[in-house]
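A.B. asks: Got a file for you: start_17.txt, compact mmCIF, C-alpha atoms.
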```
# COMPACT_ATOMS: atom_id res chain seq x y z
CA MET A 312 3.52 -45.49 -17.72
CA ASP A 313 0.86 -42.99 -18.72
CA ASN A 314 1.45 -39.39 -19.78
CA VAL A 315 5.12 -39.79 -20.69
CA LYS A 316 6.17 -37.23 -23.31
CA PHE A 317 9.10 -37.32 -25.73
CA LEU A 318 10.39 -33.87 -26.65
CA VAL A 319 12.99 -33.15 -29.30
CA ALA A 320 15.78 -31.29 -27.48
CA SER A 321 18.21 -31.04 -30.42
CA ASP A 322 19.20 -33.01 -33.51
CA ARG A 323 20.84 -35.54 -31.17
CA ALA A 324 18.92 -35.38 -27.89
CA VAL A 325 15.45 -36.30 -26.68
CA SER A 326 13.90 -35.37 -23.34
CA VAL A 327 11.73 -38.08 -21.76
CA VAL A 328 9.28 -36.14 -19.55
CA PHE A 329 7.43 -37.95 -16.74
CA GLY A 330 5.58 -34.97 -15.26
CA ASN A 331 5.64 -31.25 -14.53
CA VAL A 332 5.94 -31.20 -10.72
CA ILE A 333 8.95 -31.56 -8.45
CA SER A 334 8.25 -34.67 -6.39
CA LEU A 335 9.92 -37.88 -5.31
CA GLU A 336 7.24 -39.87 -7.14
CA VAL A 337 8.02 -38.28 -10.51
CA ASN A 338 11.76 -38.26 -9.91
CA THR A 339 11.63 -41.98 -9.04
CA LYS A 340 10.33 -42.68 -12.55
CA VAL A 341 13.20 -40.67 -14.00
CA LYS A 342 15.58 -42.68 -11.85
CA MET A 343 14.04 -45.97 -12.96
CA LEU A 344 14.63 -45.24 -16.64
CA PHE A 345 18.13 -43.92 -15.91
CA GLN A 346 19.05 -47.15 -14.08
CA GLU A 347 17.49 -49.28 -16.83
CA LEU A 348 19.58 -47.57 -19.53
CA GLU A 349 22.74 -47.82 -17.39
CA LYS A 350 22.26 -51.58 -16.95
CA HIS A 351 21.00 -52.26 -20.47
CA PRO A 352 22.31 -49.53 -22.80
CA ILE A 353 20.71 -48.75 -26.14
CA ILE A 354 23.23 -48.86 -28.97
CA GLY A 355 23.74 -45.31 -30.20
CA VAL A 356 22.89 -43.62 -26.88
CA GLU A 357 25.87 -41.60 -25.66
CA GLU A 358 24.76 -40.17 -22.31
CA CYS A 359 21.71 -39.83 -20.06
CA LEU A 360 21.18 -36.88 -17.72
CA PRO A 361 18.47 -37.03 -15.03
CA THR A 362 16.61 -33.85 -14.04
CA TYR A 363 13.70 -33.11 -11.68
CA CYS A 364 11.02 -34.52 -13.97
CA ALA A 365 12.74 -35.77 -17.12
CA LEU A 366 15.65 -37.77 -18.49
CA MET A 367 17.70 -36.14 -21.23
CA VAL A 368 18.94 -38.83 -23.63
CA HIS A 369 21.83 -37.85 -25.92
CA TYR A 370 22.27 -40.12 -28.94
CA HIS A 371 24.10 -40.51 -32.25
CA PRO A 372 21.53 -40.09 -35.07
CA GLU A 373 23.86 -41.83 -37.51
CA VAL A 374 23.55 -44.96 -35.33
CA ILE A 375 19.92 -44.80 -34.20
CA ARG A 376 17.22 -42.55 -35.64
CA TYR A 377 14.82 -40.52 -33.48
CA ARG A 378 11.73 -42.66 -34.13
CA GLU A 379 13.67 -45.86 -33.47
CA LEU A 380 15.00 -44.43 -30.22
CA VAL A 381 11.57 -43.32 -29.01
CA LYS A 382 10.14 -46.75 -29.81
CA GLU A 383 12.94 -48.43 -27.85
CA LEU A 384 12.48 -46.02 -24.92
CA GLU A 385 8.73 -46.66 -24.89
CA GLN A 386 9.40 -50.39 -24.66
CA ARG A 387 11.89 -49.92 -21.81
CA ILE A 388 9.44 -47.71 -19.92
CA SER A 389 6.61 -50.25 -20.29
CA GLN A 390 8.83 -52.93 -18.76
CA MET A 391 10.05 -50.92 -15.78
CA SER A 392 8.78 -52.15 -12.44
CA ALA A 393 10.90 -50.74 -9.64
CA VAL A 394 14.00 -48.78 -8.78
CA SER A 395 17.07 -50.83 -7.94
CA GLU A 396 17.04 -52.37 -4.48
CA GLU A 397 20.51 -50.98 -3.81
CA LYS A 398 20.74 -49.07 -0.53
CA GLU A 399 20.36 -45.32 -0.84
CA VAL A 400 23.49 -43.45 0.20
CA VAL A 401 23.76 -40.56 2.67
CA LYS A 402 26.77 -38.25 2.32
CA GLU A 403 27.75 -35.92 5.15
CA VAL A 404 28.63 -32.38 4.07
CA PRO A 405 30.28 -30.20 6.76
CA VAL A 406 28.99 -26.61 6.88
CA LEU A 407 30.26 -23.47 8.60
CA TYR A 408 27.12 -21.40 9.17
CA GLY A 409 26.87 -17.61 9.42
CA GLY A 410 29.63 -15.02 9.63
CA GLU A 411 31.33 -13.71 6.49
CA LEU A 412 30.67 -16.99 4.67
CA GLY A 413 26.96 -17.02 5.57
CA PRO A 414 25.89 -13.37 5.33
CA ASP A 415 22.15 -14.06 5.02
CA LEU A 416 21.74 -16.30 8.08
CA GLU A 417 20.39 -13.60 10.39
CA TYR A 418 18.26 -12.12 7.60
CA CYS A 419 16.69 -15.54 7.01
CA ALA A 420 16.03 -15.87 10.74
CA GLU A 421 14.22 -12.50 10.70
CA LEU A 422 12.13 -13.54 7.70
CA GLU A 423 11.17 -16.76 9.45
CA ASN A 424 10.72 -15.06 12.87
CA ILE A 425 13.06 -17.58 14.50
CA THR A 426 16.63 -17.51 15.81
CA PRO A 427 19.69 -18.11 13.60
CA GLU A 428 20.30 -21.26 15.64
CA GLU A 429 16.84 -22.53 14.66
CA VAL A 430 17.56 -21.83 10.97
CA ILE A 431 20.68 -23.97 11.34
CA ARG A 432 18.83 -26.71 13.22
CA ARG A 433 16.17 -27.04 10.53
CA HIS A 434 18.80 -27.11 7.79
CA SER A 435 21.12 -29.61 9.47
CA GLN A 436 18.68 -31.94 11.24
CA HIS A 437 16.99 -33.32 8.12
CA GLU A 438 18.37 -35.15 5.12
CA TYR A 439 18.20 -33.55 1.67
CA TYR A 440 17.51 -35.50 -1.51
CA VAL A 441 19.63 -34.66 -4.59
CA TYR A 442 17.16 -34.40 -7.46
CA MET A 443 19.65 -33.40 -10.13
CA LEU A 444 22.89 -31.65 -11.06
CA GLY A 445 22.56 -28.54 -13.17
CA PHE A 446 23.38 -24.90 -13.96
CA ALA A 447 27.11 -25.59 -13.43
CA PRO A 448 29.16 -28.82 -13.24
CA GLY A 449 28.60 -30.53 -9.89
CA HIS A 450 25.84 -28.10 -8.82
CA PRO A 451 23.30 -30.17 -6.81
CA TYR A 452 19.64 -29.21 -6.53
CA MET A 453 18.39 -30.67 -3.24
CA ALA A 454 15.21 -30.69 -1.16
CA ARG A 455 14.16 -31.75 2.30
CA PHE A 456 10.64 -32.87 3.18
CA GLU A 457 10.33 -31.67 6.77
CA GLU A 458 10.07 -28.17 8.29
CA PRO A 459 10.41 -26.08 5.13
CA TYR A 460 11.27 -22.41 5.41
CA ARG A 461 8.62 -19.91 4.30
CA PHE A 462 10.99 -17.45 2.63
CA LYS A 463 11.85 -17.64 -1.07
CA ARG A 464 14.80 -16.46 -3.13
CA ARG A 465 16.02 -12.86 -2.90
CA SER A 466 14.21 -10.14 -4.85
CA GLU A 467 17.52 -9.09 -6.42
CA PRO A 468 20.07 -11.80 -7.26
CA ARG A 469 23.76 -11.27 -6.66
CA VAL A 470 26.01 -11.06 -9.71
CA ASN A 471 28.65 -13.24 -8.03
CA ILE A 472 28.80 -15.35 -4.87
CA PRO A 473 31.71 -17.48 -3.60
CA ALA A 474 32.27 -21.09 -4.55
CA ARG A 475 31.18 -23.62 -1.91
CA SER A 476 28.40 -21.34 -0.60
CA VAL A 477 25.38 -23.05 0.96
CA VAL A 478 22.20 -21.38 -0.30
CA VAL A 479 18.55 -21.92 0.64
CA GLN A 480 14.92 -21.06 -0.06
CA LEU A 481 11.68 -22.79 0.97
CA ASN A 482 12.54 -26.51 1.36
CA LEU A 483 15.40 -26.30 -1.15
CA SER A 484 19.16 -26.10 -0.64
CA ASP A 485 22.02 -25.91 -3.14
CA LEU A 486 25.80 -26.07 -2.89
CA ILE A 487 27.59 -23.67 -5.24
CA PRO A 488 30.56 -25.27 -7.07
CA PHE A 489 32.13 -22.12 -8.54
CA ASP A 490 32.05 -18.34 -8.12
CA GLN A 491 28.80 -17.62 -9.97
CA PRO A 492 25.56 -15.59 -10.02
CA CYS A 493 22.85 -16.64 -7.55
CA GLY A 494 19.56 -15.28 -6.22
CA TRP A 495 19.26 -17.56 -3.22
CA ASN A 496 20.06 -16.80 0.43
CA ILE A 497 23.59 -17.66 1.62
CA ILE A 498 23.62 -19.20 5.10
CA GLY A 499 27.06 -20.83 5.16
CA SER A 500 29.91 -22.50 3.32
CA THR A 501 31.30 -26.01 2.98
CA PRO A 502 35.06 -26.65 2.87
CA LEU A 503 34.49 -29.43 0.32
CA GLU A 504 34.92 -29.13 -3.44
CA LEU A 505 31.77 -29.87 -5.41
CA TYR A 506 33.67 -30.50 -8.64
CA ASP A 507 37.18 -31.83 -9.17
CA GLU A 508 38.07 -32.55 -12.79
CA SER A 509 41.21 -34.43 -11.76
CA LYS A 510 39.07 -37.31 -10.41
CA GLU A 511 37.53 -40.12 -12.45
CA ASN A 512 34.16 -39.11 -11.01
CA PRO A 513 34.55 -35.34 -10.68
CA PHE A 514 31.28 -34.78 -8.82
CA LEU A 515 31.07 -34.80 -5.02
CA LEU A 516 27.34 -35.52 -5.18
CA ASN A 517 25.18 -37.33 -7.71
CA ALA A 518 21.47 -37.41 -8.51
CA GLY A 519 19.76 -39.84 -6.12
CA ASP A 520 22.14 -39.21 -3.21
CA TRP A 521 20.93 -38.00 0.19
CA VAL A 522 22.86 -35.27 2.02
CA LYS A 523 23.19 -34.57 5.74
CA HIS A 524 24.62 -31.14 6.56
CA VAL A 525 26.86 -31.21 9.62
CA PRO A 526 27.54 -27.93 11.48
CA ILE A 527 31.23 -27.21 12.12
CA ASN A 528 33.22 -24.31 13.60
CA GLN A 529 35.92 -22.18 11.97
CA SER A 530 38.77 -24.33 13.25
CA GLU A 531 37.16 -27.50 11.85
CA TYR A 532 36.43 -25.71 8.58
CA ASP A 533 40.08 -24.69 8.17
CA LYS A 534 41.29 -28.19 9.04
CA ILE A 535 38.96 -29.91 6.57
CA ARG A 536 39.76 -27.34 3.87
CA ASP A 537 43.45 -28.11 4.30
CA GLN A 538 42.77 -31.85 4.01
CA VAL A 539 40.68 -31.29 0.87
CA GLN A 540 43.46 -29.27 -0.77
CA ARG A 541 46.01 -31.97 0.11
CA GLY A 542 43.71 -34.71 -1.15
CA THR A 543 43.49 -36.55 2.18
CA TYR A 544 39.91 -35.78 3.23
CA GLN A 545 37.50 -38.73 3.33
CA MET A 546 33.82 -37.92 3.14
CA LYS A 547 31.63 -39.85 5.57
CA THR A 548 29.01 -41.91 3.74
CA TYR A 549 26.58 -44.55 4.93
CA ALA A 550 23.46 -46.43 3.87
CA ARG A 551 20.21 -44.59 4.48
CA ARG A 552 17.89 -46.18 6.98
```
Please re-express this file's structure in structure tokens.
C.D. replies:
Amino acid sequence: MDNVKFLVASDRAVSVVFGNVISLEVNTKVKMLFQELEKHPIIGVEECLPTYCALMVHYHPEVIRYRELVKELEQRISQMSAVSEEKEVVKEVPVLYGGELGPDLEYCAELENITPEEVIRRHSQHEYYVYMLGFAPGHPYMARFEEPYRFKRRSEPRVNIPARSVVVQLNLSDLIPFDQPCGWNIIGSTPLELYDESKENPFLLNAGDWVKHVPINQSEYDKIRDQVQRGTYQMKTYARR
């Protein structure tokens, strides 16, 4: 592949950069290399972390030196042909929109010159692609490709917003795993936990997943939240068409 760059990220990490735009085409290349290294690991590589446009490769320099690693990565990239034929997965995330847990819903509707119900429809009707996890453990950065909003992030970020908040701007949507700073617009909350360190795979979502937001009411929110806390909730997942 042309125009691939290898950037030194630390004394034991290299960033393999496939482009400088956020797009499915570029992210697919990141995914291809990630899958290749998962199936056929390079001795000395400890972990690979996919991002929007690059794959961060953490390695042990006492096992494999930087130049050797880059040479091996170049060879792997030249041999890549396609992403795995495995079915893409859609995960349904229930969302309670508006009210105290979604204080910016009406504000977003005003910015867009539509009703709050239309803001919800646009957010919940289309599937979102999870490009990457970042900023905090289990924090998914997602985008949809239909009916983007016109508004961007807030001019003044909040110092702290609640965990499980659903935040939006343009065609992007994130789910907030912990109480943390955020400059995006809060339109709702999910009763699900984004990160659970007690599980073998602590992340609710992973890079490459697709997400469908499902509107719920307060009663359903409370019921699901109770099931999550008791460990009995089963997320609905299915193969993407």
A.B. asks: Compile the contact shell of region 322-325 of chain A as an mmCIF file with C-alpha atoms, keeping the file's coordinate frame: residues with an atom at most 7 Å away, counting all atoms listed in the file, same-chain residues fewer than 5 positions apart removed.
C.D. replies:
```
data_model
loop_
_atom_site.group_PDB
_atom_site.id
_atom_site.type_symbol
_atom_site.label_atom_id
_atom_site.label_comp_id
_atom_site.auth_asym_id
_atom_site.auth_seq_id
_atom_site.Cartn_x
_atom_site.Cartn_y
_atom_site.Cartn_z
ATOM 1 C CA PHE A 317 9.100 -37.320 -25.730
ATOM 2 C CA MET A 367 17.700 -36.140 -21.230
ATOM 3 C CA VAL A 368 18.940 -38.830 -23.630
ATOM 4 C CA HIS A 369 21.830 -37.850 -25.920
ATOM 5 C CA TYR A 370 22.270 -40.120 -28.940
ATOM 6 C CA HIS A 371 24.100 -40.510 -32.250
ATOM 7 C CA PRO A 372 21.530 -40.090 -35.070
#
```
A.B. asks: I'd like the contact shell of Leu444 (chain A) - 12 Å cut-off, only C-alpha atoms, skipping same-chain residues fewer than 2 positions apart - returned as an mmCIF file with C-alpha atoms, keeping the file's coordinate frame.
C.D. replies:
```cif
data_model
loop_
_atom_site.group_PDB
_atom_site.id
_atom_site.type_symbol
_atom_site.label_atom_id
_atom_site.label_comp_id
_atom_site.auth_asym_id
_atom_site.auth_seq_id
_atom_site.Cartn_x
_atom_site.Cartn_y
_atom_site.Cartn_z
ATOM 1 C CA LEU A 360 21.180 -36.880 -17.720
ATOM 2 C CA PRO A 361 18.470 -37.030 -15.030
ATOM 3 C CA THR A 362 16.610 -33.850 -14.040
ATOM 4 C CA TYR A 363 13.700 -33.110 -11.680
ATOM 5 C CA TYR A 440 17.510 -35.500 -1.510
ATOM 6 C CA VAL A 441 19.630 -34.660 -4.590
ATOM 7 C CA TYR A 442 17.160 -34.400 -7.460
ATOM 8 C CA PHE A 446 23.380 -24.900 -13.960
ATOM 9 C CA ALA A 447 27.110 -25.590 -13.430
ATOM 10 C CA PRO A 448 29.160 -28.820 -13.240
ATOM 11 C CA GLY A 449 28.600 -30.530 -9.890
ATOM 12 C CA HIS A 450 25.840 -28.100 -8.820
ATOM 13 C CA PRO A 451 23.300 -30.170 -6.810
ATOM 14 C CA TYR A 452 19.640 -29.210 -6.530
ATOM 15 C CA MET A 453 18.390 -30.670 -3.240
ATOM 16 C CA ASP A 485 22.020 -25.910 -3.140
ATOM 17 C CA LEU A 486 25.800 -26.070 -2.890
ATOM 18 C CA ILE A 487 27.590 -23.670 -5.240
ATOM 19 C CA PRO A 488 30.560 -25.270 -7.070
ATOM 20 C CA LEU A 505 31.770 -29.870 -5.410
ATOM 21 C CA TYR A 506 33.670 -30.500 -8.640
ATOM 22 C CA PHE A 514 31.280 -34.780 -8.820
ATOM 23 C CA LEU A 515 31.070 -34.800 -5.020
ATOM 24 C CA LEU A 516 27.340 -35.520 -5.180
ATOM 25 C CA ASN A 517 25.180 -37.330 -7.710
ATOM 26 C CA ALA A 518 21.470 -37.410 -8.510
ATOM 27 C CA GLY A 519 19.760 -39.840 -6.120
ATOM 28 C CA ASP A 520 22.140 -39.210 -3.210
#
```
A.B. asks: Within 12 Å of Val430 (chain A), counting only C-alpha atoms, which residues qualify if same-chain residues fewer than 3 places away don't, as a VMD selection string?
C.D. replies: chain A and resid 408 to 409 413 415 to 427 433 to 437 458 to 462 479 to 482 496 to 499 526
A.B. asks: What gap, in Å, lies between CA of Gly330 (chain A) and CA of Leu384 (chain A)?
C.D. replies: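 Spanning CA of Gly330 (chain A) to CA of Leu384 (chain A) is a straight-line distance of 16.2 Å.
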A.B. asks: Please, what is the axis-aligned box for every listed atom of region 514-533 of chain A with 3 Å on each side, as centre and edge lengths in Å to one decimal, as lines of an AutoDock Vina configuration file?
C.D. replies:
```
center_x = 29.9
center_y = -31.0
center_z = 2.4
size_x = 26.3
size_y = 23.7
size_z = 28.4
```
A.B. asks: Where atoms are missing, can you supply N, CA and C atoms for region 360-386 of chain A and output the lot as a PDB file, in the coordinates of the input?
C.D. replies:
```pdb
ATOM      1  N   LEU A 360      21.073 -37.857 -18.800  1.00  0.00           N
ATOM      2  CA  LEU A 360      21.180 -36.880 -17.720  1.00  0.00           C
ATOM      3  C   LEU A 360      19.839 -36.725 -17.018  1.00  0.00           C
ATOM      4  N   PRO A 361      19.728 -37.170 -15.763  1.00  0.00           N
ATOM      5  CA  PRO A 361      18.470 -37.030 -15.030  1.00  0.00           C
ATOM      6  C   PRO A 361      18.250 -35.603 -14.532  1.00  0.00           C
ATOM      7  N   THR A 362      16.996 -35.143 -14.575  1.00  0.00           N
ATOM      8  CA  THR A 362      16.610 -33.850 -14.040  1.00  0.00           C
ATOM      9  C   THR A 362      15.444 -34.068 -13.074  1.00  0.00           C
ATOM     10  N   TYR A 363      14.826 -32.979 -12.609  1.00  0.00           N
ATOM     11  CA  TYR A 363      13.700 -33.110 -11.680  1.00  0.00           C
ATOM     12  C   TYR A 363      12.632 -34.061 -12.207  1.00  0.00           C
ATOM     13  N   CYS A 364      12.191 -33.820 -13.440  1.00  0.00           N
ATOM     14  CA  CYS A 364      11.020 -34.520 -13.970  1.00  0.00           C
ATOM     15  C   CYS A 364      11.264 -35.260 -15.277  1.00  0.00           C
ATOM     16  N   ALA A 365      12.492 -35.199 -15.796  1.00  0.00           N
ATOM     17  CA  ALA A 365      12.740 -35.770 -17.120  1.00  0.00           C
ATOM     18  C   ALA A 365      14.143 -36.377 -17.188  1.00  0.00           C
ATOM     19  N   LEU A 366      14.328 -37.224 -18.192  1.00  0.00           N
ATOM     20  CA  LEU A 366      15.650 -37.770 -18.490  1.00  0.00           C
ATOM     21  C   LEU A 366      16.058 -37.307 -19.876  1.00  0.00           C
ATOM     22  N   MET A 367      17.177 -36.585 -19.935  1.00  0.00           N
ATOM     23  CA  MET A 367      17.700 -36.140 -21.230  1.00  0.00           C
ATOM     24  C   MET A 367      18.572 -37.247 -21.803  1.00  0.00           C
ATOM     25  N   VAL A 368      18.229 -37.726 -22.991  1.00  0.00           N
ATOM     26  CA  VAL A 368      18.940 -38.830 -23.630  1.00  0.00           C
ATOM     27  C   VAL A 368      19.684 -38.284 -24.859  1.00  0.00           C
ATOM     28  N   HIS A 369      21.007 -38.288 -24.795  1.00  0.00           N
ATOM     29  CA  HIS A 369      21.830 -37.850 -25.920  1.00  0.00           C
ATOM     30  C   HIS A 369      22.198 -39.079 -26.768  1.00  0.00           C
ATOM     31  N   TYR A 370      22.051 -38.955 -28.086  1.00  0.00           N
ATOM     32  CA  TYR A 370      22.270 -40.120 -28.940  1.00  0.00           C
ATOM     33  C   TYR A 370      22.968 -39.701 -30.246  1.00  0.00           C
ATOM     34  N   HIS A 371      23.453 -40.711 -30.953  1.00  0.00           N
ATOM     35  CA  HIS A 371      24.100 -40.510 -32.250  1.00  0.00           C
ATOM     36  C   HIS A 371      23.083 -40.829 -33.342  1.00  0.00           C
ATOM     37  N   PRO A 372      22.562 -39.830 -34.065  1.00  0.00           N
ATOM     38  CA  PRO A 372      21.530 -40.090 -35.070  1.00  0.00           C
ATOM     39  C   PRO A 372      22.016 -40.917 -36.260  1.00  0.00           C
ATOM     40  N   GLU A 373      23.345 -40.991 -36.428  1.00  0.00           N
ATOM     41  CA  GLU A 373      23.860 -41.830 -37.510  1.00  0.00           C
ATOM     42  C   GLU A 373      23.838 -43.319 -37.117  1.00  0.00           C
ATOM     43  N   VAL A 374      23.619 -43.576 -35.826  1.00  0.00           N
ATOM     44  CA  VAL A 374      23.550 -44.960 -35.330  1.00  0.00           C
ATOM     45  C   VAL A 374      22.102 -45.379 -35.093  1.00  0.00           C
ATOM     46  N   ILE A 375      21.328 -44.512 -34.466  1.00  0.00           N
ATOM     47  CA  ILE A 375      19.920 -44.800 -34.200  1.00  0.00           C
ATOM     48  C   ILE A 375      19.101 -43.540 -34.485  1.00  0.00           C
ATOM     49  N   ARG A 376      18.050 -43.691 -35.269  1.00  0.00           N
ATOM     50  CA  ARG A 376      17.220 -42.550 -35.640  1.00  0.00           C
ATOM     51  C   ARG A 376      16.245 -42.207 -34.516  1.00  0.00           C
ATOM     52  N   TYR A 377      15.701 -41.005 -34.550  1.00  0.00           N
ATOM     53  CA  TYR A 377      14.820 -40.520 -33.480  1.00  0.00           C
ATOM     54  C   TYR A 377      13.643 -41.462 -33.244  1.00  0.00           C
ATOM     55  N   ARG A 378      12.932 -41.819 -34.300  1.00  0.00           N
ATOM     56  CA  ARG A 378      11.730 -42.660 -34.130  1.00  0.00           C
ATOM     57  C   ARG A 378      12.100 -44.035 -33.577  1.00  0.00           C
ATOM     58  N   GLU A 379      13.215 -44.574 -34.009  1.00  0.00           N
ATOM     59  CA  GLU A 379      13.670 -45.860 -33.470  1.00  0.00           C
ATOM     60  C   GLU A 379      13.978 -45.738 -31.976  1.00  0.00           C
ATOM     61  N   LEU A 380      14.638 -44.637 -31.615  1.00  0.00           N
ATOM     62  CA  LEU A 380      15.000 -44.430 -30.220  1.00  0.00           C
ATOM     63  C   LEU A 380      13.760 -44.294 -29.348  1.00  0.00           C
ATOM     64  N   VAL A 381      12.798 -43.496 -29.785  1.00  0.00           N
ATOM     65  CA  VAL A 381      11.570 -43.320 -29.010  1.00  0.00           C
ATOM     66  C   VAL A 381      10.841 -44.648 -28.833  1.00  0.00           C
ATOM     67  N   LYS A 382      10.792 -45.430 -29.897  1.00  0.00           N
ATOM     68  CA  LYS A 382      10.140 -46.750 -29.810  1.00  0.00           C
ATOM     69  C   LYS A 382      10.843 -47.638 -28.796  1.00  0.00           C
ATOM     70  N   GLU A 383      12.177 -47.628 -28.802  1.00  0.00           N
ATOM     71  CA  GLU A 383      12.940 -48.430 -27.850  1.00  0.00           C
ATOM     72  C   GLU A 383      12.727 -47.916 -26.423  1.00  0.00           C
ATOM     73  N   LEU A 384      12.695 -46.604 -26.254  1.00  0.00           N
ATOM     74  CA  LEU A 384      12.480 -46.020 -24.920  1.00  0.00           C
ATOM     75  C   LEU A 384      11.075 -46.350 -24.403  1.00  0.00           C
ATOM     76  N   GLU A 385      10.096 -46.308 -25.285  1.00  0.00           N
ATOM     77  CA  GLU A 385       8.730 -46.660 -24.890  1.00  0.00           C
ATOM     78  C   GLU A 385       8.668 -48.102 -24.389  1.00  0.00           C
ATOM     79  N   GLN A 386       9.381 -48.986 -25.075  1.00  0.00           N
ATOM     80  CA  GLN A 386       9.400 -50.390 -24.660  1.00  0.00           C
ATOM     81  C   GLN A 386      10.069 -50.547 -23.298  1.00  0.00           C
TER      82      GLN A 386
END
```
